[in-house]
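The structure appears below as structure tokens.
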Amino acid sequence: MKIILQSIRLLFVLTVLTGILYPLVVTFFAHVAWSEKAEGSLIIANKRAVGSELLAQKTEDNRYFWPRPSAADYATIASGASNLGPSSTALKKAVEERTQKWREANELSAETPVPSDIQFASGSGLDPHISPLAAAQQIQRVAAARNLSLENRAKLTTLVKDSVEGPQWQIFGESRVNVLKLNLAMDRLLFSPQPQ
Amino acid sequence: MSPGEILQICLYICLLVAATATFGPWMARVLTGETTFLDFFLKPVERAVYRISGIDPEIEMNWKQYARAVLAFNFFGFVLVLLLMLFQGILPFNPAKLPNVPFPLALNTAISFMTNTNWQAYSGEAAMSYLTQMAGLGVQNFLSAATGVGVMLALIRGFVRREASELGNFWVDLVRSTLYILLPLSFALALVLVSQGVVQTFSSYVTATTLAGQEQIIPLGPAASQIAIKQLGTNGGGFFGVNSAHPFENPTPLSNFLEMFVILCIPAALTATYGKMVGSMRQGWTIFAAMMIVFLMTLGGMLWAEYATNPVFGTGALMEGKEMRLGVANSVLWGDVTTLASNGSVNAMHSSLSSLAGGIAILNMLLGEVIFGGVGSGLYGMLMFVLLTVFLAGLMVGRTPEYLGKKIEAFDIQMAMTAVLLPSACVLILTALGCFTEAGRASIANPGPHGLSEILYAFASMTNNNGSAFSGLNATTNFYTLSGSLAMLVGRFGVILPVLAIAGNMVTKKVTPASAGTFPTDGGLFVVLLVAVVLIVGALTFFPALSLGPILEHLLVLSGRIF
């Protein structure tokens, strides 16, 4: 009986400590130091949220760069992956379709290798990044859809190059391009050109 | 593999050794009640906790009292989580207006978090209110890990103390490991994670209008605080459904490295804690070495399997289910670490790993989560294998087996065998049940041998309190939630109770001084024996099941046969 009472009282105290105080204190310090990140790294334009720089957005518009395929069609509640295994006919079919669609949309020859991140769907279904090669292969399509002049085309190529993030601290992770940030930077670059 | 990827793996291993050497002995000081620099802040809190709970920290418990305290405390923790889920619709901190959780799922989830499994048959962002996550699931993340440490301490005291009956005070072990180890580390890690972009807020979900003009609902929540302890406490239950593959849960390569490092940090360091407490660091390092050898073997195997060419796709290192910022090597390293450590968080979808890499992930769990394993539970599980090894070595040299000066007798071996065999039997019986019943097969997502792997993975994961999954399997059906609840209970308490019984028996024995005939339990020979026993038990028990699942799938893929 004593053990039961002690259990309940201790559970109560530890719930207050680890379940209420701890998250509240972390939230407080998180907002003091990194409030934008704690709130989801939102990108705000004209006082409206355009998205989060950490979450991919669905787009099939030729004027924008496309993110990696998403098995859950970029759903956020809840996001998900295909979970298809290495012996899956469905996966093989999806990869063949994606590869073909990619080559057609970006006017690539049938021999051009398509990067793995474009052939295969991401784990989160919301992967915000693509490989540098996947970004480069889209420049032609985006530029054509926007009727860019030769000068702007060169600017866009430079922008894509500059958008490549290397491994963090030179050590961790892979080289990648954030698709939403690239698309927004491109809109800024092309709609309000900086005076030379 | 690129040089950068190899460098990250080497860095991981070096840091793990360094953490064991430094943090392990420090934890021994905390757990034996010595003063540390944290006392200044935390001693008053600790005293207040005892006062409010009506606990006298000086009173010690024998093994039966200790076991009763473990069971009672876990039971009420389970009840609290269950109630929070069943009534979250009418409770506060539910800005997304999520409905009450249905009973079978709530039962499964409550048992899952109490047993340190964190198997999830739901997606957090679509099913659990902020209050449920924080005050229910988050709390169990701390307490289930602390429970593991407590049981481990009782076993260590059983070895160390002579002709006694008391094994320590469970409340003190629980409170000290929570307050001095888990809370400060979680706090620090949570803030670093926020700095990388992990969300931590009580705001409601945000609706954004995307560049393409569509609506995108952005889920938020107090995630960082919970993700920190889910990694540190080898819990693994994600705040979001796709766990640490979600960019809000694991936004950068650095957050990935840290989350991955802390999975093994405490379980590895506890081997040195053990060495310090039994008065011989060599004993601790011997266990560490055995764990490290199996870790390197499985990691090597998984990397080889994942980078090998899949003839169906004409290439290896497929990016299916993996994230661009993390890449293939980090996904495989995490996959190995999380299945060895009974953590079960994932940063890539294990179901889409190559056949053999997925198979090694299953084998890792089937070894009983003793290679580093869960916080506390990994070490007491490994000590069961140590006893078996000592026993086998004793049989070979024809002498009464001894460990740390204590004679190992029939009762101890019976209990150790129970702790090893009970979970194994549970996995095999339930997997067979899953294959033979329509209810079990209906949940399969991938046809062919991969379907068997999905069922085997599910029961290996739940029974061994891991919590990761081949998530194609639909685990929300009554068959899986209910049988899984049973598996998680057997896997947790079917080991804890025999361990405490051994501790209770060991603590009464006297210590016989080592002689020339004593078989040494430190050093290279014992490491080799221990590794062999762990691998042979795992291989003999599960080789048939593994050969019908991942191994068969691998052979069929090699010959171009797909499903």
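Naming scheme: A, B, ... for chains in displayed order of the structure tokens; residues 1 onward per chain; ligands 1 onward as shown.
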With only C-alpha atoms as the counted atoms, please give the residues lying no more than 8 Å from B:Trp63, apart from itself and same-chain residues fewer than 6 positions off, as a ChimeraX atom specification. /B:154,165-167,500-501,503-504
Take the residues from that selection and write them out as an mmCIF file, in the first residue's frame, keeping C-alpha atoms.
data_model
loop_
_atom_site.group_PDB
_atom_site.id
_atom_site.type_symbol
_atom_site.label_atom_id
_atom_site.label_comp_id
_atom_site.auth_asym_id
_atom_site.auth_seq_id
_atom_site.Cartn_x
_atom_site.Cartn_y
_atom_site.Cartn_z
ATOM 1 C CA ALA B 154 20.191 -3.383 -8.508
ATOM 2 C CA SER B 165 19.909 -8.764 1.085
ATOM 3 C CA GLU B 166 19.342 -5.122 0.146
ATOM 4 C CA LEU B 167 19.779 -3.934 -3.471
ATOM 5 C CA LEU B 500 16.122 -8.803 -10.231
ATOM 6 C CA ALA B 501 15.790 -12.401 -9.020
ATOM 7 C CA ALA B 503 20.406 -9.798 -8.183
ATOM 8 C CA GLY B 504 18.506 -10.945 -5.100
#
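Look at stretch 126-143 of chain B: the protein and nucleic acid residues within 7 Å of it, using only C-alpha atoms and passing over chain neighbours fewer than 5 places away, are Thr15, Thr18, Gly19, Ile20, Ile77 and Ala78 of chain A; Leu80, Val81, Leu84, Met85, Gln88, Pro92, Phe93, Asn94, Leu98, Phe113, Met114, Asn116, Thr178, Leu182, Gly221, Gln226, Ile229, Lys230, Gly233 and Asn235 of chain B.
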Please report as a PDB file with C-alpha atoms, in the first residue's frame which residues of chain A come no farther than 7 Å from chain B, using only C-alpha atoms.
ATOM      1  CA  ILE A   3       4.535   1.574  -2.362  1.00  0.00           C
ATOM      2  CA  ILE A   4       1.359   2.426  -4.276  1.00  0.00           C
ATOM      3  CA  GLN A   6       4.699   6.567  -3.104  1.00  0.00           C
ATOM      4  CA  SER A   7       4.440   5.550  -6.773  1.00  0.00           C
ATOM      5  CA  ILE A   8       1.523   7.854  -7.429  1.00  0.00           C
ATOM      6  CA  ARG A   9       3.048  10.809  -5.612  1.00  0.00           C
ATOM      7  CA  LEU A  10       6.445  10.357  -7.236  1.00  0.00           C
ATOM      8  CA  LEU A  11       4.840   9.987 -10.660  1.00  0.00           C
ATOM      9  CA  VAL A  13       6.143  15.134  -9.061  1.00  0.00           C
ATOM     10  CA  THR A  15       5.409  14.467 -14.418  1.00  0.00           C
ATOM     11  CA  THR A  18       9.830  16.394 -16.847  1.00  0.00           C
ATOM     12  CA  GLY A  19       6.458  16.755 -18.566  1.00  0.00           C
ATOM     13  CA  ILE A  20       5.536  20.355 -17.843  1.00  0.00           C
ATOM     14  CA  PRO A  23       9.302  21.626 -21.986  1.00  0.00           C
ATOM     15  CA  VAL A  26      13.176  24.728 -23.072  1.00  0.00           C
ATOM     16  CA  THR A  27      10.493  26.672 -24.956  1.00  0.00           C
ATOM     17  CA  ALA A  30      14.470  28.500 -27.368  1.00  0.00           C
ATOM     18  CA  TRP A  34      16.218  31.200 -31.750  1.00  0.00           C
ATOM     19  CA  LYS A  37      13.619  28.461 -35.738  1.00  0.00           C
ATOM     20  CA  ALA A  38      11.537  27.349 -32.756  1.00  0.00           C
ATOM     21  CA  GLU A  39       8.451  28.499 -34.656  1.00  0.00           C
ATOM     22  CA  GLY A  40       9.193  26.393 -37.725  1.00  0.00           C
ATOM     23  CA  SER A  41      11.658  28.504 -39.786  1.00  0.00           C
ATOM     24  CA  ALA A  49       3.500  32.477 -44.529  1.00  0.00           C
ATOM     25  CA  VAL A  50       4.787  31.116 -47.829  1.00  0.00           C
ATOM     26  CA  GLY A  51       6.025  27.949 -46.183  1.00  0.00           C
ATOM     27  CA  LEU A  54      12.624  23.112 -43.949  1.00  0.00           C
ATOM     28  CA  LEU A  55       9.609  21.603 -45.710  1.00  0.00           C
ATOM     29  CA  GLN A  57       6.300  22.153 -51.321  1.00  0.00           C
ATOM     30  CA  THR A  59       4.978  22.247 -57.413  1.00  0.00           C
ATOM     31  CA  THR A  76       2.171  17.394 -43.976  1.00  0.00           C
ATOM     32  CA  ILE A  77      -0.517  15.852 -41.713  1.00  0.00           C
ATOM     33  CA  ALA A  78       0.782  13.213 -41.760  1.00  0.00           C
ATOM     34  CA  SER A  79       3.820  13.022 -44.018  1.00  0.00           C
ATOM     35  CA  GLY A  80       5.142   9.669 -45.115  1.00  0.00           C
ATOM     36  CA  ALA A  81       7.362   7.464 -47.234  1.00  0.00           C
ATOM     37  CA  ASN A  83       8.218   1.932 -47.520  1.00  0.00           C
ATOM     38  CA  LEU A  84       8.596  -0.064 -50.720  1.00  0.00           C
ATOM     39  CA  GLY A  85      11.271  -2.718 -50.441  1.00  0.00           C
ATOM     40  CA  PRO A  86      14.259  -3.504 -52.675  1.00  0.00           C
ATOM     41  CA  SER A  87      12.311  -6.283 -54.430  1.00  0.00           C
ATOM     42  CA  SER A  88       9.266  -4.167 -55.187  1.00  0.00           C
ATOM     43  CA  THR A  89       7.749  -4.111 -58.669  1.00  0.00           C
ATOM     44  CA  SER A 116      19.212   9.053 -57.441  1.00  0.00           C
ATOM     45  CA  ASP A 117      17.440  11.667 -55.303  1.00  0.00           C
ATOM     46  CA  PHE A 120      13.621   7.769 -55.479  1.00  0.00           C
ATOM     47  CA  ALA A 121      11.140   9.291 -53.012  1.00  0.00           C
ATOM     48  CA  SER A 122      12.416  10.789 -49.763  1.00  0.00           C
ATOM     49  CA  GLY A 123      12.035   9.390 -46.248  1.00  0.00           C
ATOM     50  CA  SER A 124       9.996  12.242 -44.835  1.00  0.00           C
ATOM     51  CA  ASP A 127      12.718  16.581 -48.084  1.00  0.00           C
ATOM     52  CA  HIS A 129      16.715  19.524 -50.629  1.00  0.00           C
ATOM     53  CA  ILE A 130      17.803  18.133 -53.977  1.00  0.00           C
ATOM     54  CA  SER A 131      21.282  17.259 -55.164  1.00  0.00           C
ATOM     55  CA  GLN A 168      28.040  21.363 -42.555  1.00  0.00           C
ATOM     56  CA  ILE A 171      32.361  17.383 -42.337  1.00  0.00           C
ATOM     57  CA  PHE A 172      28.725  16.540 -41.809  1.00  0.00           C
ATOM     58  CA  GLY A 173      26.183  15.475 -44.393  1.00  0.00           C
ATOM     59  CA  GLU A 174      25.992  15.927 -48.158  1.00  0.00           C
ATOM     60  CA  ARG A 176      22.584  19.929 -51.430  1.00  0.00           C
TER      61      ARG A 176
END
Please identify every residue of stretch 163-194 of chain A that has at least one atom no farther than 12 Å from an atom of stretch 147-150 of chain A, counting only C-alpha atoms, and for each give the shortest atom pair and the distance in Å to one decimal, arranged by chain then increasing number, as a Markdown table.
| residue | atom | partner | partner_atom | distance |
| --- | --- | --- | --- | --- |
| A:Met186 | CA | A:Leu148 | CA | 11.7 |
| A:Leu189 | CA | A:Leu148 | CA | 11.9 |
| A:Leu190 | CA | A:Leu148 | CA | 8.9 |
| A:Phe191 | CA | A:Leu148 | CA | 11.4 |
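Interatomic distance, atom CA of A:Glu165 against atom CA of A:Ile43: 18.6 Å.
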Exercise: stretch 159-161 of chain A partners within 12 Å, only C-alpha atoms, chain neighbours under 4 positions left out, as number ranges by chain: A: 65, 130-140, 142-143, 152-155, 165-166, 175-179, 181-190
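When the distance limit is 12 Å and only C-alpha atoms are what count, the residues near A:Glu104, minus those fewer than 3 positions from it on the same chain, are Glu97, Arg98, Thr99, Gln100, Lys101, Glu107, Leu108, Ser109, Ala110, Thr112, Val114, Gln137, Gln138, Gln140 and Arg141 of chain A.
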Using backbone DSSP assignments, extract all helix (DSSP H, G or I) residues from stretch 54-190 of chain A; output them as a PyMOL selection string. chain A and resi 89-105+116-119+132-136+139-145+150-162+179-190
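The shortest atom-to-atom distance to B:Gly168, with only C-alpha atoms taken into account, belongs to B:Val507 out of B:Val420, B:Val507, B:Gly467, B:Ala305.
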Based on DSSP run over this structure's backbone, return all residues of stretch 200-241 of chain B in strand (DSSP E or B), as a PyMOL selection string. chain B and resi 200+206-209+215-218+222
